[in-house]
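**Q** Structure file input_28.tsv, TSV, C-alpha atoms, is pasted below:
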```tsv
chain	number	residue	atom	x	y	z
U	1	MET	CA	-121.35	33.54	146.91
U	2	PRO	CA	-122.87	30.57	145.10
U	3	GLY	CA	-125.34	28.71	147.22
U	4	PHE	CA	-126.46	31.70	149.24
U	5	GLY	CA	-130.20	32.23	149.35
U	6	HIS	CA	-131.13	29.07	147.49
U	7	THR	CA	-133.84	28.23	150.01
U	8	LYS	CA	-135.54	31.53	149.21
U	9	PHE	CA	-136.11	30.40	145.64
U	10	ALA	CA	-136.56	26.68	146.15
U	11	THR	CA	-140.31	27.02	146.71
U	12	LEU	CA	-140.99	29.26	143.72
U	13	HIS	CA	-142.49	28.05	140.46
U	14	ASP	CA	-140.38	28.13	137.31
U	15	VAL	CA	-142.45	31.00	135.91
U	16	GLU	CA	-141.82	33.10	139.02
U	17	LEU	CA	-138.13	32.29	138.86
U	18	CYS	CA	-138.06	33.36	135.21
U	19	THR	CA	-139.73	36.65	136.14
U	20	GLN	CA	-137.16	37.28	138.87
U	21	SER	CA	-134.34	36.29	136.52
U	22	ALA	CA	-135.63	38.77	133.96
U	23	MET	CA	-135.19	41.45	136.64
U	24	GLY	CA	-131.53	40.44	136.95
U	25	GLU	CA	-131.85	38.14	139.96
U	26	ARG	CA	-129.05	35.71	139.25
U	27	ARG	CA	-129.76	33.49	142.28
U	28	ALA	CA	-133.26	32.84	140.93
U	29	PHE	CA	-131.76	31.76	137.66
U	30	GLY	CA	-129.33	29.56	139.58
U	31	GLU	CA	-132.31	27.72	141.02
U	32	LEU	CA	-133.60	27.09	137.50
U	33	VAL	CA	-130.21	25.70	136.55
U	34	ARG	CA	-130.28	23.49	139.64
U	35	ARG	CA	-133.69	22.13	138.61
U	36	HIS	CA	-133.15	21.62	134.91
U	37	GLY	CA	-129.40	21.32	134.45
U	38	SER	CA	-129.43	17.53	134.41
U	39	ALA	CA	-132.21	17.39	131.82
U	40	VAL	CA	-130.38	19.76	129.49
U	41	ARG	CA	-127.10	17.93	129.90
U	42	GLY	CA	-128.96	14.66	129.36
U	43	VAL	CA	-130.31	15.81	126.00
U	44	LEU	CA	-126.86	16.88	124.88
U	45	ARG	CA	-125.36	13.55	125.90
U	46	ARG	CA	-128.10	11.76	124.02
U	47	MET	CA	-127.30	13.86	120.98
U	48	GLY	CA	-123.80	12.42	121.17
U	49	ALA	CA	-121.88	15.02	123.18
U	50	GLN	CA	-119.31	13.59	125.57
U	51	GLY	CA	-119.46	14.47	129.27
U	52	ALA	CA	-117.24	17.56	129.42
U	53	GLU	CA	-118.45	18.87	126.08
U	54	ALA	CA	-122.07	18.38	127.09
U	55	ASP	CA	-121.42	20.33	130.28
U	56	ASP	CA	-119.70	23.16	128.38
U	57	VAL	CA	-122.55	23.48	125.89
U	58	ALA	CA	-125.14	23.23	128.67
U	59	GLN	CA	-123.41	26.06	130.56
U	60	ASP	CA	-123.35	28.19	127.42
U	61	ALA	CA	-127.02	27.38	126.82
U	62	PHE	CA	-127.98	28.54	130.31
U	63	LEU	CA	-125.93	31.72	129.96
U	64	THR	CA	-127.63	32.39	126.63
U	65	ALA	CA	-130.99	31.69	128.24
U	66	PHE	CA	-130.22	34.22	130.99
U	67	GLU	CA	-129.30	36.82	128.39
U	68	ARG	CA	-132.53	36.18	126.50
U	69	ILE	CA	-134.81	35.46	129.45
U	70	ALA	CA	-137.02	38.40	128.51
U	71	GLU	CA	-137.81	36.59	125.24
U	72	PHE	CA	-139.18	33.56	127.10
U	73	ARG	CA	-142.95	33.95	126.89
U	74	GLY	CA	-143.85	30.92	128.96
U	75	GLU	CA	-145.56	29.26	126.00
U	76	GLY	CA	-143.76	26.02	126.78
U	77	THR	CA	-141.74	24.94	129.77
U	78	PHE	CA	-138.49	26.64	130.69
U	79	ALA	CA	-136.66	23.31	130.40
U	80	ALA	CA	-137.94	22.75	126.85
U	81	TRP	CA	-136.84	26.26	125.88
U	82	VAL	CA	-133.31	25.78	127.20
U	83	LYS	CA	-133.09	22.33	125.61
U	84	LYS	CA	-133.79	23.90	122.22
U	85	ILE	CA	-131.10	26.52	122.81
U	86	ALA	CA	-128.66	23.83	123.91
U	87	ALA	CA	-129.40	21.61	120.90
U	88	ARG	CA	-128.80	24.52	118.52
U	89	LEU	CA	-125.57	25.51	120.29
U	90	TYR	CA	-124.30	21.95	120.11
U	91	LEU	CA	-125.05	21.76	116.38
U	92	ARG	CA	-123.30	25.08	115.86
U	93	ARG	CA	-120.27	23.70	117.66
U	94	LEU	CA	-120.34	20.58	115.48
U	95	GLN	CA	-120.52	22.74	112.37
U	96	ARG	CA	-117.72	24.99	113.60
U	97	ASP	CA	-115.49	21.98	114.25
U	98	ARG	CA	-116.54	20.48	110.91
U	99	ARG	CA	-117.78	17.36	112.67
U	100	LEU	CA	-121.37	17.60	111.45
U	101	GLY	CA	-120.50	16.85	107.84
U	102	ALA	CA	-118.47	13.85	108.90
U	103	MET	CA	-121.36	12.57	111.01
U	104	THR	CA	-123.81	12.97	108.15
U	105	ALA	CA	-121.51	11.08	105.81
U	106	GLU	CA	-120.92	8.41	108.42
U	107	ALA	CA	-124.66	7.80	108.64
U	108	ILE	CA	-124.72	6.12	105.24
U	109	GLU	CA	-121.89	3.76	106.20
U	110	ASP	CA	-123.56	2.91	109.50
U	111	GLU	CA	-126.60	1.47	107.82
U	112	ALA	CA	-124.98	-1.94	107.55
U	113	ASP	CA	-124.06	-2.02	111.25
U	114	VAL	CA	-127.59	-1.80	112.56
U	115	VAL	CA	-128.50	-4.45	115.12
U	116	HIS	CA	-132.08	-5.59	115.07
U	117	GLY	CA	-134.20	-7.43	117.57
U	118	ASP	CA	-132.06	-7.43	120.71
U	119	THR	CA	-134.66	-7.73	123.45
U	120	ASP	CA	-132.37	-7.67	126.45
U	121	ALA	CA	-134.56	-6.74	129.42
U	122	THR	CA	-132.00	-4.28	130.81
U	123	ILE	CA	-131.98	-2.12	127.71
U	124	ASP	CA	-132.91	1.53	128.23
U	125	LEU	CA	-133.09	4.63	126.09
U	126	GLU	CA	-129.37	5.32	126.32
U	127	GLU	CA	-128.56	1.82	125.13
U	128	ALA	CA	-131.21	1.93	122.45
U	129	LEU	CA	-129.86	5.20	121.08
U	130	LYS	CA	-126.48	3.60	120.55
U	131	VAL	CA	-128.03	1.48	117.82
U	132	LEU	CA	-128.80	4.61	115.80
U	133	SER	CA	-126.34	6.26	113.47
U	134	ALA	CA	-124.95	9.58	114.65
U	135	THR	CA	-127.29	11.56	112.39
U	136	GLU	CA	-130.32	9.51	113.29
U	137	ARG	CA	-129.52	9.99	116.96
U	138	LEU	CA	-129.16	13.73	116.42
U	139	CYS	CA	-132.43	13.99	114.52
U	140	VAL	CA	-134.44	11.82	116.91
U	141	THR	CA	-133.04	13.54	120.01
U	142	MET	CA	-133.59	17.00	118.57
U	143	CYS	CA	-137.21	16.22	117.72
U	144	PHE	CA	-138.18	14.12	120.74
U	145	GLY	CA	-135.69	15.27	123.37
U	146	ALA	CA	-135.22	18.96	122.56
U	147	GLY	CA	-138.70	19.44	121.16
U	148	LEU	CA	-137.72	20.88	117.80
U	149	SER	CA	-140.05	20.41	114.86
U	150	HIS	CA	-138.76	18.56	111.80
U	151	THR	CA	-138.47	21.89	110.01
U	152	GLU	CA	-136.51	23.48	112.86
U	153	ALA	CA	-134.22	20.45	113.02
U	154	ALA	CA	-133.65	20.58	109.26
U	155	GLU	CA	-132.74	24.26	109.48
U	156	ALA	CA	-130.43	23.70	112.41
U	157	LEU	CA	-128.76	20.73	110.75
U	158	ASN	CA	-128.67	22.47	107.38
U	159	LEU	CA	-130.21	19.38	105.80
U	160	PRO	CA	-133.25	19.04	103.52
U	161	LEU	CA	-136.50	18.52	105.40
U	162	GLY	CA	-137.10	15.19	103.66
U	163	THR	CA	-133.69	13.92	104.75
U	164	VAL	CA	-134.39	14.80	108.37
U	165	LYS	CA	-137.77	13.09	108.21
U	166	SER	CA	-136.12	9.99	106.79
U	167	HIS	CA	-133.51	9.96	109.55
U	168	VAL	CA	-136.21	10.35	112.19
U	169	LYS	CA	-138.35	7.62	110.64
U	170	ARG	CA	-135.44	5.17	110.43
U	171	GLY	CA	-134.35	6.07	113.94
U	172	LEU	CA	-137.83	5.50	115.32
U	173	GLU	CA	-138.07	2.12	113.61
U	174	LYS	CA	-134.82	1.04	115.20
U	175	LEU	CA	-135.83	2.35	118.60
U	176	ARG	CA	-139.20	0.63	118.39
U	177	THR	CA	-137.46	-2.63	117.70
U	178	ARG	CA	-135.22	-2.13	120.70
U	179	LEU	CA	-137.73	-0.66	123.14
U	180	ALA	CA	-141.01	-2.34	122.28
U	181	PRO	CA	-140.54	-5.46	124.43
U	182	GLU	CA	-139.76	-3.24	127.42
U	183	ASP	CA	-143.11	-1.46	127.51
U	184	GLY	CA	-143.77	-0.37	131.06
U	185	VAL	CA	-140.45	-1.50	132.51
U	186	VAL	CA	-138.49	1.21	130.77
U	187	LEU	CA	-141.13	3.80	131.41
U	188	GLU	CA	-141.29	3.21	135.13
U	189	GLY	CA	-137.60	2.63	135.62
U	190	ARG	CA	-136.33	6.20	135.37
U	191	ARG	CA	-137.25	9.30	137.25
U	192	GLY	CA	-135.72	12.72	136.81
U	193	ASN	CA	-136.41	16.39	136.57
U	194	GLY	CA	-137.07	16.72	132.81
O	1	MET	CA	-152.24	4.80	116.45
O	2	ALA	CA	-149.51	2.47	117.73
O	3	GLU	CA	-146.98	4.73	116.06
O	4	LEU	CA	-148.36	7.77	117.87
O	5	ASP	CA	-148.35	5.90	121.18
O	6	PHE	CA	-144.73	4.97	120.66
O	7	GLU	CA	-143.80	8.56	119.86
O	8	ARG	CA	-145.50	9.75	123.05
O	9	ARG	CA	-143.72	7.08	124.99
O	10	LEU	CA	-140.43	8.15	123.49
O	11	GLU	CA	-141.09	11.77	124.47
O	12	ARG	CA	-141.73	10.63	128.04
O	13	LEU	CA	-138.53	8.60	128.02
O	14	PHE	CA	-136.57	11.63	126.86
O	15	ALA	CA	-138.27	13.83	129.45
O	16	ASP	CA	-137.41	11.40	132.25
O	17	ALA	CA	-133.77	12.42	132.38
O	18	PRO	CA	-131.94	11.10	135.42
O	19	GLU	CA	-130.75	13.64	138.00
O	20	LEU	CA	-126.99	13.81	137.64
O	21	ALA	CA	-124.86	13.53	140.75
O	22	ASP	CA	-123.11	16.85	140.19
O	23	ALA	CA	-126.26	18.89	139.51
O	24	GLY	CA	-125.46	21.27	142.42
O	25	PRO	CA	-121.83	21.96	141.46
O	26	PHE	CA	-122.92	22.42	137.85
O	27	ALA	CA	-125.45	25.08	138.87
O	28	ASP	CA	-122.79	26.77	141.03
O	29	ARG	CA	-120.44	26.94	138.04
O	30	VAL	CA	-123.14	28.58	135.93
O	31	GLU	CA	-123.87	31.09	138.71
O	32	ARG	CA	-120.16	31.93	139.01
O	33	ARG	CA	-119.99	32.57	135.26
O	34	LEU	CA	-123.08	34.76	135.48
O	35	ASP	CA	-121.54	36.76	138.34
O	36	ALA	CA	-118.21	37.09	136.54
O	37	GLY	CA	-119.89	38.28	133.35
O	38	TRP	CA	-121.98	40.79	135.27
O	39	THR	CA	-119.00	42.23	137.15
O	40	ALA	CA	-116.97	42.49	133.97
O	41	ARG	CA	-119.85	44.27	132.24
O	42	ARG	CA	-120.21	46.79	135.05
O	43	TRP	CA	-116.51	47.58	134.99
O	44	LEU	CA	-116.51	47.85	131.22
O	45	ILE	CA	-119.45	50.24	131.06
O	46	GLY	CA	-118.19	52.24	134.04
O	47	ALA	CA	-114.79	52.59	132.39
O	48	ALA	CA	-116.44	53.57	129.12
O	49	GLY	CA	-118.36	56.25	131.02
O	50	VAL	CA	-115.21	57.66	132.60
O	51	ILE	CA	-113.37	57.64	129.27
O	52	GLY	CA	-116.33	59.36	127.63
O	53	GLY	CA	-116.38	61.93	130.41
O	54	VAL	CA	-112.65	62.59	130.04
O	55	ILE	CA	-113.01	63.01	126.30
O	56	GLY	CA	-115.98	65.33	126.78
O	57	ALA	CA	-114.13	67.40	129.36
O	58	SER	CA	-111.00	67.62	127.21
O	59	GLN	CA	-113.11	68.73	124.26
O	60	LEU	CA	-114.54	71.50	126.41
O	61	MET	CA	-111.01	72.57	127.32
O	62	VAL	CA	-109.76	72.42	123.75
O	63	SER	CA	-112.66	74.52	122.50
O	64	ASN	CA	-111.22	77.61	124.28
O	65	LEU	CA	-113.65	77.44	127.13
O	66	PHE	CA	-111.39	79.64	129.26
O	67	GLN	CA	-111.47	82.46	126.76
O	68	ARG	CA	-115.21	82.13	126.36
O	69	VAL	CA	-115.72	82.20	130.09
O	70	GLU	CA	-113.44	85.21	130.38
O	71	THR	CA	-115.33	86.90	127.54
O	72	ALA	CA	-118.54	86.08	129.33
O	73	GLY	CA	-116.96	87.49	132.46
O	74	ASP	CA	-116.00	90.71	130.67
O	75	SER	CA	-119.49	90.98	129.29
O	76	ALA	CA	-120.87	90.39	132.72
O	77	ARG	CA	-118.64	93.06	134.20
O	78	LEU	CA	-119.79	95.42	131.47
O	79	LEU	CA	-123.38	94.55	132.14
O	80	THR	CA	-122.81	94.82	135.85
O	81	SER	CA	-121.35	98.28	135.54
O	82	SER	CA	-124.16	99.27	133.18
O	83	PHE	CA	-126.93	97.95	135.33
O	84	ASN	CA	-125.21	98.37	138.65
O	85	HIS	CA	-128.05	100.33	140.00
O	86	MET	CA	-130.51	97.56	139.09
O	87	THR	CA	-128.78	94.33	140.21
O	88	THR	CA	-125.60	92.83	141.55
O	89	GLY	CA	-126.59	89.30	140.53
O	90	ALA	CA	-123.99	88.92	137.76
O	91	ASP	CA	-121.02	89.19	140.14
O	92	TRP	CA	-120.58	85.43	140.41
O	93	VAL	CA	-119.60	85.18	136.70
O	94	ALA	CA	-116.80	87.61	137.27
O	95	THR	CA	-115.68	85.54	140.24
O	96	VAL	CA	-115.57	82.39	138.08
O	97	SER	CA	-113.53	84.08	135.40
O	98	ASN	CA	-110.85	85.03	137.95
O	99	GLY	CA	-109.43	81.50	138.11
O	100	GLY	CA	-109.28	78.56	135.68
O	101	THR	CA	-108.91	76.16	138.60
O	102	VAL	CA	-112.64	76.39	139.26
O	103	VAL	CA	-113.38	75.23	135.73
O	104	TRP	CA	-110.85	72.42	136.02
O	105	ALA	CA	-112.34	71.31	139.31
O	106	ALA	CA	-115.85	71.40	137.87
O	107	ALA	CA	-114.76	69.36	134.85
O	108	GLY	CA	-113.06	66.79	137.07
O	109	LEU	CA	-116.13	66.52	139.28
O	110	ALA	CA	-118.28	66.10	136.18
O	111	VAL	CA	-116.12	63.21	135.00
O	112	ILE	CA	-116.26	61.49	138.38
O	113	MET	CA	-120.01	62.05	138.64
O	114	MET	CA	-120.57	60.66	135.15
O	115	GLY	CA	-118.68	57.47	135.97
O	116	PHE	CA	-120.48	57.15	139.29
O	117	VAL	CA	-123.92	57.67	137.77
O	118	LEU	CA	-123.26	55.20	134.98
O	119	THR	CA	-122.07	52.57	137.44
O	120	ARG	CA	-125.17	53.12	139.56
O	121	VAL	CA	-127.48	52.95	136.56
O	122	ILE	CA	-125.93	49.66	135.42
O	123	GLY	CA	-126.27	48.35	138.95
O	124	GLU	CA	-129.94	49.27	139.05
O	125	ILE	CA	-130.62	47.72	135.65
```
Represent the structure of the file as structure tokens.
**A**
Amino acid sequence: MPGFGHTKFATLHDVELCTQSAMGERRAFGELVRRHGSAVRGVLRRMGAQGAEADDVAQDAFLTAFERIAEFRGEGTFAAWVKKIAARLYLRRLQRDRRLGAMTAEAIEDEADVVHGDTDATIDLEEALKVLSATERLCVTMCFGAGLSHTEAAEALNLPLGTVKSHVKRGLEKLRTRLAPEDGVVLEGRRGNG
Amino acid sequence: MAELDFERRLERLFADAPELADAGPFADRVERRLDAGWTARRWLIGAAGVIGGVIGASQLMVSNLFQRVETAGDSARLLTSSFNHMTTGADWVATVSNGGTVVWAAAGLAVIMMGFVLTRVIGEI
């Protein structure tokens, strides 16, 4: 029965929950999902996945994480580990549906549509990311949201390393233009469970 | 330096994901899928164990086990008569060879036990 025994695990640290999950305790893993589900879904949405698709991929990512929980060495956070899994699964789905190639091609056309210098005070990361081309958004989110290195992102995207670095650099320039005036306001304005 | 600061700031912005309203139901859905997968796996492995047991038992039957048991029984009777003055311990073999139903029952029990043990082992894992 979902929901049963949640209080038992609510006080445990992520590392303890991972240990219990590795012993097959599915309720412990459920608590991890409860804690980090929003963060993982958030990364996928920022990568460009729509609501239902982001949820599907996030579910698959957590199931994969449960299967491989013994491989999690605790070198980083559990959330960062699942985010990487989710990012890779989403890219695989894009490749399977042949959407990744289209997005990469679209990136070149999008260059002309870039908006510079909008300093609207209400702008946040979500809004700022909309300025980026699909590939730039993917690359920036994979590197800064999912914690992949440029090399890992290049491998996952099946793109040359230099191309990924260029996308990230261009994406960062655009984001800096959009976010720079909001220093402090944006930072303090959002709280979550990342 | 400013570039590095901005990158750190961006990492913090990405890390500060808002808590979604349906975080609880989402976790419940994942738990249900975990439970469903686990149940399906137990059934699958348990069924594989039973099938394996049936195949093993049928192979034993096909390989003329009855005749071999009867031969063993005859040998036992011979031995028993030869060493009757020393022991009566081999009488049980002769008893077994009197009816194939005992072998069938043992094979059936072995199949059931194998399925049961496998299911328990999966449960423990």
**Q** Any idea what's packed within 9 Å of Cys18 (chain U), counting all atoms listed in the file, ignoring anything in its chain fewer than 3 positions away? Could you give it as a list in words?
**A**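 So, after excluding close chain neighbours, the residues are His13, Asp14, Val15, Ser21, Ala22, Met23, Ala28, Phe29, Leu32, Phe66, Ile69, Ala70, Phe72, Gly74 and Phe78 of chain U.
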**Q** Skip region 135-146 of chain U itself and residues of its chain fewer than 6 positions away, then list as JSON, numbers by chain all residues within 9 Å of it, counting all atoms listed in the file.
**A** {"U": [40, 43, 44, 46, 47, 48, 80, 81, 82, 83, 84, 85, 86, 87, 88, 100, 103, 104, 105, 106, 107, 129, 152, 153, 154, 157, 164, 165, 166, 167, 168, 169, 170, 171, 172], "O": [7, 8, 10, 11, 12, 13, 14, 15]}
**Q** When you draw a straight line from CA of Ala2 (chain O) to CA of Leu175 (chain U), how long is it in Å?
**A**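 Separation of CA of Ala2 (chain O) and CA of Leu175 (chain U): 13.7 Å.
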**Q** Let me make sure I understand: among O:Asp16, O:Asp22, O:Asp74, O:Asp28, which one has the smallest atom-to-atom distance to Leu125 (chain U) if we use all atoms listed in the file?
**A**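 Counting all atoms listed in the file, the residue closest to Leu125 (chain U) is O:Asp16.
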**Q** Hey, list the chain O side of the contact with chain U: 12 Å cut-off, only C-alpha atoms, answer as a ChimeraX atom specification.
**A** /O:2-38,122-125
**Q** Which polymer residues have any atom within 7 Å of an atom of Met114 (chain O), counting all atoms listed in the file, with same-chain residues fewer than 6 positions away left out, as a list in words?
**A**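 Those residues are Gly49, Val50 and Gly53 of chain O.
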**Q** Quick check, in Å to one decimal: how far apart do CA of Thr163 (chain U) and CA of Gln95 (chain U) lie?
**A**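 Between CA of Thr163 (chain U) and CA of Gln95 (chain U) the gap is 17.6 Å.
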**Q** Quote the spacing between CA of Trp104 (chain O) and CA of Leu60 (chain O) in Å to one decimal place.
**A**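 About the pair CA of Trp104 (chain O) and CA of Leu60 (chain O): they are 10.3 Å apart.
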**Q** Could you pull out every residue with an atom within 8 Å of (-142.5, 17.7, 105.8), file coordinates, counting all atoms listed in the file, and send them as a compact mmCIF listing (two decimals) with C-alpha atoms, keeping the file's coordinate frame?
**A**
```
# COMPACT_ATOMS: atom_id res chain seq x y z
CA HIS U 150 -138.76 18.56 111.80
CA THR U 151 -138.47 21.89 110.01
CA LEU U 161 -136.50 18.52 105.40
CA GLY U 162 -137.10 15.19 103.66
CA LYS U 165 -137.77 13.09 108.21
```
**Q** Using only C-alpha atoms for the distances, tell me which of U:Arg68, U:Arg73, U:Arg96, U:Arg45 is nearest to Ala134 (chain U).
**A**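 The closest residue to Ala134 (chain U) is U:Arg45.
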